[in-house]
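Chemist: Here you go, one structure.
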Amino acid sequence: MANILVHTANESVTLTAQALGRLLDRGDGDAALLYLALLRRHGTVPPRSLAGELRWDRPRIEAAENTLRELGLVAPEAVLEPAEQKPEYQSADIIQRLTQEAEFAGLTAEVERRLGKKLTTPETGALLGLYDYLGLPADVIYLLVCHCAERVARRYGEGRRPTLRQIEKEGYAWARQGIDNQAAASEYLRKYAERQGMLPQYMRVLGLGDRLPAASEERYLNAWQEMGFPPEAVALAYDKTVLKCHELKWPYCNGILKRWHEAGLHTLSEIEERDRPAVRQQTASAGRDMGWMREYIQRRDEGV
């Protein structure tokens, strides 16, 4: 990962005269403290990932980061999508947030009820990262937890529950997609439910019966749905795959569908009508041959 800091000629925690002058002129203590924390990490972590270390909430660390960016001490490229290196919240930080922020305390209690367990300190820290670092609203986080719980229960049985690591990973995926309000979350869950409802049809046309798809199989099926292929088009791709490979080869079948997608062919009628290059070439060639023959006969009869 490229360095976050612009001025990193001195790899120690000693400030350069230029950086010190800019910070003193601005007079922003938070910005100066964040700059020191970044220097200690050699400028290789996103500023917001230091929220837990500094015991700051999201608005405070974002304000300090913006100041550093205005001063030219943090590169503009540092403003990226949520980093995989989340803040490291200490036990004291978590206890303070639970006792002082009713919304987060209420969210934690609801998540514990939904998962049927008491969250450990690291698990509560992961939840705090979604709430504080990613800035997801409490109602969106609860929808996220319910979504993960239902997905795990459907795949592994009612007694199984998702881990906070699984929930956290899905939360980062939501943040990258901009799912940060209830309307966006509801729309995502609606489309997800539609795709899930169609999976049995796709599994049957692939000759896989009524079993649930494996995780890797589900990724293919979801991708094909997002491309816009109905089950009957996938059935045709499956038939071509078996004809060539003598069995279902997911990558080969996927290659056929990707080629059709790139050509703008999605329905069965579109594919059958337009995906016949060999036949078209033969027809065109035959037409040219017949035209030449007709012209030859005409010229012969006219004695030319």
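Note on naming: chains are A, B, ... as they come in the structure tokens, residues start from 1 per chain, ligands start from 1 in the order shown.
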What's the 8 Å shell around region 145-147 of chain A, counting only C-alpha atoms, without same-chain residues fewer than 4 positions away, as a ChimeraX atom specification?
Modeler: /A:111,114,141,151,167,189
Chemist: Residues of the last selection are to be written out with all heavy atoms, as a PDB file, in the first residue's frame.
Modeler:
```pdb
ATOM      1  N   VAL A 111     -28.639  -6.969  19.029  1.00  0.00           N
ATOM      2  CA  VAL A 111     -27.813  -7.949  18.311  1.00  0.00           C
ATOM      3  C   VAL A 111     -27.619  -9.192  19.171  1.00  0.00           C
ATOM      4  O   VAL A 111     -27.676 -10.332  18.666  1.00  0.00           O
ATOM      5  CB  VAL A 111     -26.462  -7.327  17.911  1.00  0.00           C
ATOM      6  CG1 VAL A 111     -25.510  -8.397  17.372  1.00  0.00           C
ATOM      7  CG2 VAL A 111     -26.667  -6.238  16.860  1.00  0.00           C
ATOM      8  N   ARG A 114     -30.732 -11.189  18.982  1.00  0.00           N
ATOM      9  CA  ARG A 114     -30.908 -11.833  17.665  1.00  0.00           C
ATOM     10  C   ARG A 114     -29.989 -13.024  17.511  1.00  0.00           C
ATOM     11  O   ARG A 114     -30.361 -14.048  16.919  1.00  0.00           O
ATOM     12  CB  ARG A 114     -30.641 -10.823  16.551  1.00  0.00           C
ATOM     13  CG  ARG A 114     -30.891 -11.371  15.146  1.00  0.00           C
ATOM     14  CD  ARG A 114     -32.364 -11.679  14.973  1.00  0.00           C
ATOM     15  NE  ARG A 114     -32.666 -12.188  13.654  1.00  0.00           N
ATOM     16  CZ  ARG A 114     -32.527 -13.464  13.286  1.00  0.00           C
ATOM     17  NH1 ARG A 114     -32.073 -14.366  14.145  1.00  0.00           N
ATOM     18  NH2 ARG A 114     -32.853 -13.854  12.064  1.00  0.00           N
ATOM     19  N   ILE A 141     -27.383  -1.581  10.597  1.00  0.00           N
ATOM     20  CA  ILE A 141     -26.571  -2.663  11.160  1.00  0.00           C
ATOM     21  C   ILE A 141     -27.465  -3.811  11.626  1.00  0.00           C
ATOM     22  O   ILE A 141     -27.136  -4.986  11.431  1.00  0.00           O
ATOM     23  CB  ILE A 141     -25.708  -2.142  12.324  1.00  0.00           C
ATOM     24  CG1 ILE A 141     -24.674  -1.147  11.808  1.00  0.00           C
ATOM     25  CG2 ILE A 141     -25.006  -3.306  13.036  1.00  0.00           C
ATOM     26  CD1 ILE A 141     -23.852  -0.484  12.895  1.00  0.00           C
ATOM     27  N   ARG A 151     -29.275 -15.968   6.444  1.00  0.00           N
ATOM     28  CA  ARG A 151     -28.495 -16.650   5.404  1.00  0.00           C
ATOM     29  C   ARG A 151     -27.799 -17.888   5.967  1.00  0.00           C
ATOM     30  O   ARG A 151     -27.803 -18.948   5.334  1.00  0.00           O
ATOM     31  CB  ARG A 151     -27.467 -15.667   4.831  1.00  0.00           C
ATOM     32  CG  ARG A 151     -26.733 -16.176   3.614  1.00  0.00           C
ATOM     33  CD  ARG A 151     -25.905 -15.092   2.986  1.00  0.00           C
ATOM     34  NE  ARG A 151     -24.886 -14.577   3.907  1.00  0.00           N
ATOM     35  CZ  ARG A 151     -24.062 -13.574   3.606  1.00  0.00           C
ATOM     36  NH1 ARG A 151     -24.154 -12.972   2.435  1.00  0.00           N
ATOM     37  NH2 ARG A 151     -23.155 -13.163   4.470  1.00  0.00           N
ATOM     38  N   ILE A 167     -20.354 -11.176   9.931  1.00  0.00           N
ATOM     39  CA  ILE A 167     -21.191  -9.974   9.885  1.00  0.00           C
ATOM     40  C   ILE A 167     -20.348  -8.757   9.519  1.00  0.00           C
ATOM     41  O   ILE A 167     -20.756  -7.923   8.699  1.00  0.00           O
ATOM     42  CB  ILE A 167     -21.890  -9.774  11.240  1.00  0.00           C
ATOM     43  CG1 ILE A 167     -22.891 -10.903  11.494  1.00  0.00           C
ATOM     44  CG2 ILE A 167     -22.594  -8.412  11.300  1.00  0.00           C
ATOM     45  CD1 ILE A 167     -23.467 -10.917  12.900  1.00  0.00           C
ATOM     46  N   LEU A 189     -31.911  -5.974   0.077  1.00  0.00           N
ATOM     47  CA  LEU A 189     -32.481  -7.215   0.611  1.00  0.00           C
ATOM     48  C   LEU A 189     -33.630  -7.710  -0.265  1.00  0.00           C
ATOM     49  O   LEU A 189     -33.830  -8.918  -0.400  1.00  0.00           O
ATOM     50  CB  LEU A 189     -32.956  -6.993   2.047  1.00  0.00           C
ATOM     51  CG  LEU A 189     -31.832  -6.707   3.055  1.00  0.00           C
ATOM     52  CD1 LEU A 189     -32.421  -6.370   4.427  1.00  0.00           C
ATOM     53  CD2 LEU A 189     -30.869  -7.880   3.163  1.00  0.00           C
TER      54      LEU A 189
END
```
Chemist: What lies within 12 Å of Leu208 (chain A) using only C-alpha atoms, ignoring chain neighbours under 6 positions off, as a ChimeraX atom specification?
Modeler: /A:199-202,214,217,235,238,247-248
Chemist: Please produce an output containing N, CA and C atoms for each residue in the selection, written as a CSV table (one decimal), in the first residue's frame.
Modeler:
```
chain,number,residue,atom,x,y,z
A,199,LEU,N,-33.1,-19.4,-7.4
A,199,LEU,CA,-32.1,-20.4,-7.4
A,199,LEU,C,-32.5,-21.8,-7.7
A,200,PRO,N,-33.6,-22.3,-7.1
A,200,PRO,CA,-34.1,-23.7,-7.4
A,200,PRO,C,-34.3,-23.9,-8.9
A,201,GLN,N,-34.9,-22.9,-9.6
A,201,GLN,CA,-35.1,-23.1,-11.0
A,201,GLN,C,-33.8,-23.3,-11.8
A,202,TYR,N,-32.8,-22.5,-11.4
A,202,TYR,CA,-31.5,-22.6,-12.1
A,202,TYR,C,-30.8,-23.9,-11.8
A,214,ALA,N,-23.9,-24.9,-3.5
A,214,ALA,CA,-22.7,-24.5,-2.7
A,214,ALA,C,-22.4,-23.1,-2.8
A,217,GLU,N,-21.1,-22.2,-6.2
A,217,GLU,CA,-22.1,-22.3,-7.2
A,217,GLU,C,-23.1,-21.2,-7.2
A,235,ALA,N,-30.1,-23.1,-19.3
A,235,ALA,CA,-30.3,-24.5,-19.7
A,235,ALA,C,-29.6,-24.7,-21.1
A,238,TYR,N,-25.9,-24.8,-20.5
A,238,TYR,CA,-25.6,-26.1,-19.9
A,238,TYR,C,-25.5,-27.2,-21.0
A,247,GLU,N,-19.9,-33.1,-19.2
A,247,GLU,CA,-20.4,-32.9,-17.8
A,247,GLU,C,-20.5,-31.4,-17.6
A,248,LEU,N,-21.1,-31.0,-16.5
A,248,LEU,CA,-21.2,-29.6,-16.1
A,248,LEU,C,-19.8,-29.1,-15.7
```
Chemist: Please report as a tab-separated table every residue of region 167-270 of chain A lying within 12 Å of region 85-95 of chain A, along with the nearest atom pair and their distance in Å (one decimal), using only C-alpha atoms.
Modeler:
```
residue	atom	partner	partner_atom	distance
A:Glu168	CA	A:Lys86	CA	10.0
A:Lys169	CA	A:Lys86	CA	11.0
A:Gly171	CA	A:Lys86	CA	11.9
A:Tyr172	CA	A:Lys86	CA	10.0
```
